Each structure stands twice: as C-alpha cells, then as structure tokens.
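**Student:** For reference, the structure I am asking about is given below.
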Amino acid sequence: MVPGVTLTKGKRVGLITNQTSLTRNGTMTRVAMQRGLGGNLTALYTPEHGLDGRETAGLKVQSRRDPVTGLTAFSLYGDTRKPTPQMLSGIDVLVFDLQDIGSRSYTYISTMALAMEAAAENGKEFVVLDRPNPLGGMRVQGPPLESSWKSFVGQIPVPYVHGMTTGELARMINGQGWIRSHPRLMVVPMRGWQRNMVWNDTGLRWMATSPNIPNATSPFYYAATGILGGLDQVDIGIGTSQPFQFAGGKDINPGQFASFMNSMGIPGVRFAPYTSSKKPGFGGVQINLDPHGNTDLLALDVVLTSQVIKRSGGRPLRATHGDEVNLFHKVYGSDSLWKDLQRGRPPGQIIAGWQAANSRFLSARQPYLLY
C-alpha cells in the first residue's frame with residue numbers, strides 16, 4: 001500500500017509523478033494509487049523530462065494522456081511551470097512523489113516549491129511522499145543562492161548541495177516563508193533511512209531520474225562537474241555512457257592534468273587521463289569518486305572549472321556568451337564565480353567564501369530534519 005492512499009482516502013487526488021515514482025516492489029505509484037483510490041485519483045502532473053523521464057533537458061514537455069492510467073498528465077515544464085487553477089480544479093489534495101538528486105539546480109525541487117505555492121493559493125492540501133537523498137544527508141556544500149539570481153534552476157535559497165530530502169525541504173520551504181502562500185502540508189516519512197546513507201546503502205533499485213542521471217552514483221558527478229558543464233568549449237561526458245564523469249577542454253594535455261589533480265590529494269577521488277572520442281582535440285581527466293568519501297563536490301567543481309579554463313588557454317570564458325552566461329550565473333546562484341574566473345582568483349578563496357553561509361544553513365535547517 002502506498003502511504004498516500006490511506007492519507008487521501010475519500011479525497012480527489014492529483015499526483016506529481018514520473019518514472020522514478022515507484023513502490024519498493026517496483027509498482028508505479030500512479031498505478032498503486034489508482035488501485036487504492038479508484039476514480040478519486042483524478043489527475044497527474046509531470047516535471048522536466050516528462051512522464052517517462054526521456055525528454056531532453058531544457059525542452060518543453062506537452063501535457064498528454066497517460067496510457068497507463070488513462071488520466072491527463074499535465075505538464076509542469078511547458079507553457080507553465082506552476083500548476084494553474086484550471087489544472088487543480090478537479091482535486092482536493094496534491095501529492096508530490098519524485099526522486100530528487102540532492103543538488104539545487106536539479107529542477108524537481110523547483111517544481112515542488114511552485115506546486116506548494118499553487119496548492120496554497122487554490123485551497124488544496126499538499127502531501128510529500130519522502131524519498132532518499134542519493135548524496136546522503138550530511139553533505140552541505142557549495143555557494144548559497146543570491147535572491148537576484150532566483151530562477152527555475154535555483155528556486156529556493158539553499159546551498160548547491162543541501163543534504164536534505166524532499167520532505168525536509170518542503171517543511172523548510174513552508175517554515176522559512178520561501179513561497180508567497182503556505183499550504184497545509186503533510187510529509188510521509190521513510191522508514192529506515194539514516195543521514196549517513198548514500199543510495200547504494202538503501203538496498204533500493206535506482207531508476208534513472210533523467211537521461212543524464214543513469215546510475216545511483218550519477219548525482220555525485222552531476223555536483224562535481226555541473227558548474228563546469230555550463231561553459232562552452234568544455235567536455236564533461238554528456239552524450240556518453242558516463243555523463244558528468246569527465247572534465248576536459250580543447251588542447252589540454254590529459255596526462256599532465258591528471259597528474260596535477262592527483263597531486264592535490266583531494267579526499268575520495270582519483271583522476272585518470274582521457275582523450276575524447278566524441279570531440280576531436282578535447283581531453284582531460286576522467287573522475288572516479290568514492291560515494292562514501294568526504295569529497296567536497298562543489299569545491300572539486302570549482303577547481304576543475306578553473307583548471308580547464310587555464311589549461312585550454314581561456315577558451316571556455318571567451319566562447320560562452322549571452323544566455324549561456326546568464327544560465328551559468330543562475331545555476332551557480334550568483335555572478336561572482338564568472339567574475340572570479342575572469343580575474344583568475346584562486347579556487348581556495350572562492351571556496352572559502354561560501355563556508356560561513358553553509359554554517360548558517362546547517363543551523364537553520366535543523367528544525368526541519370526528519371531523520
């Protein structure tokens with residue numbers, strides 16, 4: 001039995017869902033809820049990448065009929081990213097059940113925040129079926145979000161790696177007043193999850209959350225190279241079977257780069273030289289992360305970004321223009337990194353700049369933790 005079925009019995013229910021929404025035995029949540037609620041499961045809502053998670057990042061998704069349940073699956077990554085009153089008119093309760101990956105720029109938590117706000121504005125209850133953070137609950141790393149750079153890839157002001165579950169984030173969104181209206185919120189907690197667990201400790205099967213997050217370790221690499229990947233003239237392995245596991249650029253000497261990175265002695269990570277098979281003239285390092293190591297993933301991202309720029313003669317900064325620069329700022333959470341990279345500020349100083357904010361966040365999040 002899906003916990004939300006008992007909680008919502010006798011009410012008309014809408015479900016925010018995709019291919020990651022599965023019960024422990026592998027049944028689609030929407031199927032399990034339809035079995036339990038019958039006609040009271042009245043609508044579905046889908047995030048970026050669509051109902052089956054195959055749509056390309058950044059491309060609009062159209063609303064459509066779900067062939068499994070026969071229900072309309074309203075897109076929350078199309079003409080609107082926030083449920084409209086019309087979309088919510090046939091429900092009493094909006095249930096959120098998506099697997100997040102633990103990084104602020106991954107848009108599922110932005111979908112949740114906007115859906116919470118819409119639920120409140122339209123008098124609907126909001127329920128979160130909580131799921132593990134694949135990075136665990138201990139890591140709090142990376143820059144804060146400056147309010148002027150709030151966007152759909154940075155909707156709530158948490159560090160880039162926040163170490164919270166979706167249920168905990170929902171509680172904090174409500175408690176901290178990060179949305180204009182606050183719904184009546186219920187979080188259905190997990191059983192057995194502990195903050196020191198990464199995904200492979202849970203015993204659960206990983207379902208790719210989107211095309212470039214195919215494996216349970218992919219969220220680690222997403223955090224470790226996602227900022228770098230916002231620049232042009234770089235290679236992070238998108239389009240290969242190991243997305244986000246590389247850091248390279250044009251005319252970089254792979255052996256020298258790998259030797260330098262290994263000489264830094266960064267905990268929990270090793271580097272091997274590689275030459276790209278997809279981008280002629282591109283090379284760099286392949287990254288091998290230990291999920292149980294204590295690698296500062298965002299510090300690693302900044303170091304790799306700085307090194308790729310330096311070793312490719314500054315090409316990535318010269319080649320990145322217009323909307324790409326704007327998106328780079330939004331993902332990072334401010335325009336400070338761009339300015340720091342342009343003037344060659346040492347990575348250590350950049351990394352030190354967000355530590356005080358992370359300490360404040362660790363204290364602020366404490367009342368909202370469930371595990």
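In the structure tokens, chains take letters A, B, ... by order of appearance, with residues numbered from 1 within each chain and ligands from 1 in the order shown.
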Residues at most 8 Å from Thr217 in chain A, counting only C-alpha atoms, excluding those fewer than 5 positions away in the same chain, as a list in words?

**Tutor:**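 Listed by chain and then number, they are Pro134, Trp199 and Pro291 of chain A.
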
**Student:** Restricting it to C-alpha atoms, dump the selection as a tab-separated table (two decimals), in the first residue's frame.

**Tutor:**
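Below is the file that was written, again_34.tsv:
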chain	number	residue	atom	x	y	z
A	134	PRO	CA	21.18	9.87	-3.02
A	199	TRP	CA	21.77	5.49	-2.39
A	291	PRO	CA	30.40	7.82	-2.73

**Student:** Can you list, as a PDB file with N, CA and C atoms, in the first residue's frame, every protein, DNA or RNA residue that comes within 9 Å of Ile173 in chain A when you count only C-alpha atoms, leaving out same-chain residues fewer than 3 positions away?

**Tutor:**
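Okay, this is what ended up in out24.pdb:
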ATOM      1  N   ALA A 113       8.361  23.379  -5.055  1.00  0.00           N
ATOM      2  CA  ALA A 113       8.117  24.668  -4.410  1.00  0.00           C
ATOM      3  C   ALA A 113       6.969  25.416  -5.082  1.00  0.00           C
ATOM      4  N   MET A 116       3.673  23.692  -4.335  1.00  0.00           N
ATOM      5  CA  MET A 116       3.223  24.001  -2.976  1.00  0.00           C
ATOM      6  C   MET A 116       2.526  25.359  -2.941  1.00  0.00           C
ATOM      7  N   ILE A 156      14.931  27.873  -4.531  1.00  0.00           N
ATOM      8  CA  ILE A 156      14.933  28.039  -3.079  1.00  0.00           C
ATOM      9  C   ILE A 156      16.356  28.296  -2.586  1.00  0.00           C
ATOM     10  N   GLU A 168      11.915  17.048   3.842  1.00  0.00           N
ATOM     11  CA  GLU A 168      12.545  18.034   4.719  1.00  0.00           C
ATOM     12  C   GLU A 168      12.574  19.404   4.056  1.00  0.00           C
ATOM     13  N   LEU A 169      12.886  19.423   2.756  1.00  0.00           N
ATOM     14  CA  LEU A 169      12.886  20.692   2.035  1.00  0.00           C
ATOM     15  C   LEU A 169      11.500  21.327   2.026  1.00  0.00           C
ATOM     16  N   ALA A 170      10.467  20.509   1.831  1.00  0.00           N
ATOM     17  CA  ALA A 170       9.103  21.038   1.832  1.00  0.00           C
ATOM     18  C   ALA A 170       8.785  21.694   3.178  1.00  0.00           C
ATOM     19  N   GLN A 176      10.222  28.616   6.418  1.00  0.00           N
ATOM     20  CA  GLN A 176      11.068  29.789   6.205  1.00  0.00           C
ATOM     21  C   GLN A 176      10.391  30.863   5.361  1.00  0.00           C
ATOM     22  N   GLY A 177       9.184  30.568   4.877  1.00  0.00           N
ATOM     23  CA  GLY A 177       8.477  31.567   4.086  1.00  0.00           C
ATOM     24  C   GLY A 177       9.077  31.815   2.724  1.00  0.00           C
ATOM     25  N   TRP A 178       9.574  30.761   2.086  1.00  0.00           N
ATOM     26  CA  TRP A 178      10.214  30.914   0.774  1.00  0.00           C
ATOM     27  C   TRP A 178       9.218  30.947  -0.371  1.00  0.00           C
ATOM     28  N   ILE A 179       7.940  30.723  -0.085  1.00  0.00           N
ATOM     29  CA  ILE A 179       6.891  30.877  -1.082  1.00  0.00           C
ATOM     30  C   ILE A 179       5.850  31.845  -0.544  1.00  0.00           C
ATOM     31  N   HIS A 182       1.335  29.425   1.931  1.00  0.00           N
ATOM     32  CA  HIS A 182       1.790  28.186   2.543  1.00  0.00           C
ATOM     33  C   HIS A 182       0.643  27.178   2.637  1.00  0.00           C
TER      34      HIS A 182
END

**Student:** So which residues touch Arg365 in chain A within 10 Å, counting only C-alpha atoms, skipping near sequence neighbours fewer than 2 positions away, as an MDAnalysis selection string?

**Tutor:** chainID A and resid 158 162:164 168:169 171:172 175:176 360:363 367:369

**Student:** Looking only at helix (DSSP H, G or I) from DSSP on the backbone, list the matching residues of range 1-196 of chain A as a CSV table (one decimal) with C-alpha atoms, in the first residue's frame.

**Tutor:**
chain,number,residue,atom,x,y,z
A,3,PRO,CA,1.2,5.6,2.2
A,4,GLY,CA,-0.6,8.4,0.4
A,5,VAL,CA,-3.6,6.1,-0.4
A,6,THR,CA,-4.7,5.9,3.2
A,7,LEU,CA,-3.9,9.6,3.9
A,29,THR,CA,3.0,4.9,-7.7
A,30,ARG,CA,0.2,6.1,-10.0
A,31,VAL,CA,-0.9,2.5,-10.6
A,32,ALA,CA,-0.8,1.7,-6.9
A,33,MET,CA,-2.8,4.8,-6.0
A,34,GLN,CA,-5.3,4.2,-8.7
A,35,ARG,CA,-5.9,0.7,-7.3
A,36,GLY,CA,-6.4,2.1,-3.9
A,37,LEU,CA,-8.3,5.3,-4.7
A,38,GLY,CA,-10.1,4.3,-7.9
A,39,GLY,CA,-11.7,7.2,-9.6
A,40,ASN,CA,-10.5,9.6,-6.8
A,85,PRO,CA,-6.1,26.9,-11.1
A,86,GLN,CA,-7.7,25.0,-14.0
A,87,MET,CA,-5.2,22.2,-13.6
A,88,LEU,CA,-6.0,21.9,-9.9
A,108,TYR,CA,12.4,18.7,-9.4
A,109,ILE,CA,12.6,20.7,-6.1
A,110,SER,CA,11.7,23.9,-8.0
A,111,THR,CA,8.6,22.1,-9.3
A,112,MET,CA,7.8,21.1,-5.7
A,113,ALA,CA,8.1,24.7,-4.4
A,114,LEU,CA,5.9,26.2,-7.1
A,115,ALA,CA,3.4,23.4,-6.7
A,116,MET,CA,3.2,24.0,-3.0
A,117,GLU,CA,2.5,27.7,-3.6
A,118,ALA,CA,-0.2,26.9,-6.2
A,119,ALA,CA,-1.8,24.4,-3.8
A,120,ALA,CA,-2.0,27.0,-1.1
A,121,GLU,CA,-3.4,29.7,-3.4
A,147,SER,CA,18.0,36.4,-4.4
A,148,SER,CA,18.7,38.4,-7.6
A,149,TRP,CA,19.5,35.1,-9.4
A,166,THR,CA,12.3,16.4,-0.5
A,167,GLY,CA,10.1,16.1,2.6
A,168,GLU,CA,12.5,18.0,4.7
A,169,LEU,CA,12.9,20.7,2.0
A,170,ALA,CA,9.1,21.0,1.8
A,171,ARG,CA,9.0,21.6,5.6
A,172,MET,CA,11.7,24.2,5.3
A,173,ILE,CA,10.1,26.0,2.4
A,174,ASN,CA,6.9,26.3,4.4
A,175,GLY,CA,8.7,27.2,7.7
A,176,GLN,CA,11.1,29.8,6.2

**Student:** So that I can see what lies close to His49 in chain A, please list as an NGL selection string the residues with an atom at most 10 Å from it, counting only C-alpha atoms and leaving out residues fewer than 3 positions away in the same chain.

**Tutor:** :A and (18-19 or 46 or 52-61 or 75 or 77 or 107-108 or 209-211)

**Student:** Just the selected residues (C-alpha atoms), exported as a compact mmCIF listing (two decimals), in the first residue's frame, please.

**Tutor:**
# COMPACT_ATOMS: atom_id res chain seq x y z
CA ASN A 18 7.32 10.39 -13.36
CA GLN A 19 9.23 7.17 -13.99
CA THR A 46 4.87 15.90 -14.71
CA ASP A 52 8.81 8.73 -18.59
CA GLY A 53 11.94 10.84 -17.99
CA ARG A 54 13.16 10.71 -21.58
CA GLU A 55 12.65 14.30 -22.71
CA THR A 56 15.80 16.34 -23.32
CA ALA A 57 16.83 18.76 -20.58
CA GLY A 58 15.50 22.26 -21.12
CA LEU A 59 12.94 21.34 -23.79
CA LYS A 60 9.24 21.97 -23.18
CA VAL A 61 7.07 18.97 -22.36
CA SER A 75 2.99 19.27 -17.88
CA TYR A 77 7.54 22.08 -17.78
CA THR A 107 14.58 21.23 -11.19
CA TYR A 108 12.37 18.71 -9.38
CA THR A 209 15.86 10.33 -12.92
CA SER A 210 16.62 11.86 -16.34
CA PRO A 211 18.66 10.87 -19.42

**Student:** Quick one: pick out all strand (DSSP E or B) residues within range 225-330 of chain A from a backbone DSSP run and write them as a PyMOL selection string.

**Tutor:** chain A and resi 234-235+246-250+269-275+282-289

**Student:** For CA of Leu304 in chain A and CA of Thr320 in chain A, determine how far apart the two atoms are, in Å to one decimal place.

**Tutor:**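 About the pair CA of Leu304 in chain A and CA of Thr320 in chain A: they are 16.9 Å apart.
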
**Student:** Which residue out of A:Gly344, A:Gly230, A:Pro47, A:Pro159 has the minimum interatomic distance to Thr20 in chain A when only C-alpha atoms are used?

**Tutor:**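 Once distances to Thr20 in chain A are computed over only C-alpha atoms, the minimum belongs to A:Pro47.
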
**Student:** Residues within 10 Å of Asn253 in chain A, please, as an mmCIF file with C-alpha atoms, in the first residue's frame. Count only C-alpha atoms; anything in the same chain fewer than 3 positions from it doesn't count.

**Tutor:**
data_model
loop_
_atom_site.group_PDB
_atom_site.id
_atom_site.type_symbol
_atom_site.label_atom_id
_atom_site.label_comp_id
_atom_site.auth_asym_id
_atom_site.auth_seq_id
_atom_site.Cartn_x
_atom_site.Cartn_y
_atom_site.Cartn_z
ATOM 1 C CA GLY A 248 38.177 18.426 -20.275
ATOM 2 C CA GLY A 249 38.701 21.021 -22.932
ATOM 3 C CA LYS A 250 40.452 21.783 -26.205
ATOM 4 C CA GLN A 256 49.693 16.470 -17.058
ATOM 5 C CA PHE A 257 46.175 17.395 -15.946
ATOM 6 C CA ALA A 258 45.602 14.014 -14.268
ATOM 7 C CA PRO A 273 43.769 10.920 -18.272
ATOM 8 C CA TYR A 274 41.337 10.630 -21.189
ATOM 9 C CA THR A 275 41.046 11.759 -24.786
ATOM 10 C CA PHE A 282 39.431 17.513 -26.494
ATOM 11 C CA GLY A 283 40.936 15.763 -23.499
ATOM 12 C CA GLY A 284 41.307 16.000 -19.765
ATOM 13 C CA VAL A 285 40.580 13.845 -16.746
ATOM 14 C CA ARG A 311 44.805 24.611 -19.440
ATOM 15 C CA SER A 312 42.735 25.382 -22.551
#

**Student:** Looking at A:Met28, A:Val269, A:Ser105, A:Leu135, which one is nearest to Phe152 in chain A, with distances taken over only C-alpha atoms?

**Tutor:**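 Smallest distance to Phe152 in chain A is found for A:Ser105.
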
**Student:** Identify which of the residues A:Thr225, A:Ala299, A:Val325, A:Ser334 lies closest to Ile287 in chain A, counting only C-alpha atoms when measuring atom-to-atom distances.

**Tutor:** A:Thr225

**Student:** I want to know what sits within 12 Å of Ser218 in chain A, based on only C-alpha atoms, with residues of the same chain fewer than 2 positions away left out; could you give that as a ChimeraX atom specification?

**Tutor:** /A:100-103,134-135,198-200,206-216,220-226,237-238,241-246,287-291

**Student:** Emit the selected residues as a tab-separated table (two decimals), in the first residue's frame, including N, CA and C atoms.

**Tutor:**
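What follows is the written file result-v5.tsv:
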chain	number	residue	atom	x	y	z
A	100	ASP	N	14.51	13.07	-6.17
A	100	ASP	CA	15.44	14.17	-6.38
A	100	ASP	C	16.88	13.64	-6.34
A	101	ILE	N	17.86	14.50	-6.70
A	101	ILE	CA	19.26	14.04	-6.67
A	101	ILE	C	20.14	14.86	-5.73
A	102	GLY	N	19.57	15.82	-4.99
A	102	GLY	CA	20.33	16.47	-3.93
A	102	GLY	C	21.07	17.73	-4.31
A	103	SER	N	20.92	18.21	-5.56
A	103	SER	CA	21.56	19.46	-5.99
A	103	SER	C	20.50	20.51	-6.29
A	134	PRO	N	20.13	10.81	-2.62
A	134	PRO	CA	21.18	9.87	-3.02
A	134	PRO	C	22.58	10.29	-2.61
A	135	LEU	N	22.78	11.57	-2.29
A	135	LEU	CA	24.07	12.05	-1.79
A	135	LEU	C	24.20	11.89	-0.29
A	198	VAL	N	24.14	6.79	1.54
A	198	VAL	CA	24.02	7.17	0.14
A	198	VAL	C	23.10	6.14	-0.51
A	199	TRP	N	22.80	6.33	-1.79
A	199	TRP	CA	21.77	5.49	-2.39
A	199	TRP	C	22.07	4.00	-2.28
A	200	ASN	N	23.31	3.61	-2.55
A	200	ASN	CA	23.63	2.18	-2.57
A	200	ASN	C	23.50	1.53	-1.20
A	206	TRP	N	17.92	1.71	-8.37
A	206	TRP	CA	17.96	3.06	-8.91
A	206	TRP	C	17.21	3.10	-10.23
A	207	MET	N	16.38	4.12	-10.40
A	207	MET	CA	15.73	4.40	-11.66
A	207	MET	C	16.27	5.73	-12.17
A	208	ALA	N	16.78	5.74	-13.40
A	208	ALA	CA	17.34	6.98	-13.95
A	208	ALA	C	16.35	8.12	-13.78
A	209	THR	N	16.77	9.21	-13.16
A	209	THR	CA	15.86	10.33	-12.92
A	209	THR	C	15.69	11.20	-14.16
A	210	SER	N	16.65	11.13	-15.07
A	210	SER	CA	16.62	11.86	-16.34
A	210	SER	C	17.70	11.22	-17.22
A	211	PRO	N	17.73	11.57	-18.52
A	211	PRO	CA	18.66	10.87	-19.42
A	211	PRO	C	20.12	10.90	-19.00
A	212	ASN	N	20.57	11.97	-18.35
A	212	ASN	CA	21.98	12.06	-17.98
A	212	ASN	C	22.26	11.73	-16.51
A	213	ILE	N	21.27	11.15	-15.83
A	213	ILE	CA	21.48	10.66	-14.46
A	213	ILE	C	21.13	9.15	-14.46
A	214	PRO	N	21.91	8.34	-15.17
A	214	PRO	CA	21.52	6.94	-15.37
A	214	PRO	C	21.79	6.02	-14.18
A	215	ASN	N	22.73	6.39	-13.32
A	215	ASN	CA	23.19	5.48	-12.27
A	215	ASN	C	23.04	6.11	-10.88
A	216	ALA	N	23.10	5.27	-9.87
A	216	ALA	CA	22.97	5.75	-8.49
A	216	ALA	C	24.12	6.68	-8.10
A	220	PHE	N	26.49	12.31	-7.76
A	220	PHE	CA	27.78	12.79	-7.27
A	220	PHE	C	28.53	13.52	-8.38
A	221	TYR	N	28.53	12.92	-9.57
A	221	TYR	CA	29.25	13.52	-10.69
A	221	TYR	C	28.55	14.77	-11.20
A	222	TYR	N	27.22	14.77	-11.13
A	222	TYR	CA	26.45	15.97	-11.51
A	222	TYR	C	26.91	17.16	-10.67
A	223	ALA	N	27.07	16.96	-9.37
A	223	ALA	CA	27.52	18.05	-8.49
A	223	ALA	C	28.97	18.41	-8.74
A	224	ALA	N	29.77	17.42	-9.14
A	224	ALA	CA	31.22	17.63	-9.28
A	224	ALA	C	31.61	18.33	-10.58
A	225	THR	N	30.76	18.28	-11.61
A	225	THR	CA	31.12	18.91	-12.89
A	225	THR	C	29.99	19.74	-13.50
A	226	GLY	N	28.84	19.82	-12.83
A	226	GLY	CA	27.71	20.52	-13.41
A	226	GLY	C	27.96	21.99	-13.66
A	237	GLY	N	31.40	14.81	-20.61
A	237	GLY	CA	30.93	13.45	-20.89
A	237	GLY	C	29.47	13.33	-21.26
A	238	ILE	N	28.77	14.46	-21.45
A	238	ILE	CA	27.37	14.38	-21.90
A	238	ILE	C	27.36	13.74	-23.29
A	241	SER	N	28.17	7.16	-22.09
A	241	SER	CA	27.53	6.32	-21.07
A	241	SER	C	27.90	6.73	-19.66
A	242	GLN	N	28.79	7.72	-19.53
A	242	GLN	CA	29.24	8.20	-18.23
A	242	GLN	C	29.14	9.72	-18.14
A	243	PRO	N	27.92	10.25	-18.25
A	243	PRO	CA	27.77	11.71	-18.21
A	243	PRO	C	28.24	12.30	-16.89
A	244	PHE	N	28.84	13.47	-16.98
A	244	PHE	CA	29.35	14.26	-15.85
A	244	PHE	C	30.62	13.66	-15.22
A	245	GLN	N	31.17	12.58	-15.77
A	245	GLN	CA	32.33	11.94	-15.14
A	245	GLN	C	33.65	12.38	-15.74
A	246	PHE	N	33.64	13.43	-16.56
A	246	PHE	CA	34.85	13.91	-17.21
A	246	PHE	C	34.98	15.41	-17.02
A	287	ILE	N	36.97	11.20	-13.87
A	287	ILE	CA	36.86	11.31	-12.41
A	287	ILE	C	36.32	10.01	-11.84
A	288	ASN	N	36.92	9.55	-10.77
A	288	ASN	CA	36.45	8.35	-10.07
A	288	ASN	C	36.21	8.71	-8.61
A	289	LEU	N	34.93	8.88	-8.26
A	289	LEU	CA	34.55	9.31	-6.92
A	289	LEU	C	34.14	8.13	-6.04
A	290	ASP	N	34.52	8.18	-4.77
A	290	ASP	CA	34.04	7.23	-3.78
A	290	ASP	C	32.81	7.84	-3.11
A	291	PRO	N	31.61	7.24	-3.32
A	291	PRO	CA	30.40	7.82	-2.73
A	291	PRO	C	30.47	7.96	-1.21

**Student:** Do you have the CA of Gln194 in chain A-CA of Gly137 in chain A distance handy?

**Tutor:**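 If I compute the distance from CA of Gln194 in chain A to CA of Gly137 in chain A, I get 7.7 Å.
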
**Student:** Counting only C-alpha atoms, figure out which residue out of A:Asp232, A:Asp79, A:Asp97, A:Asp201 gets nearest to Leu327 in chain A.

**Tutor:** A:Asp232

**Student:** Suppose you want the space between CA of Asn133 in chain A and CA of Asp296 in chain A; what is it in Å?

**Tutor:**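 These two atoms are separated by 16.3 Å.
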
**Student:** With distances taken over only C-alpha atoms, which residue among A:Pro280, A:Lys11, A:Ile266, A:Thr295 lies nearest Leu41 in chain A?

**Tutor:**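 Selected residue with least distance to Leu41 in chain A: A:Lys11.
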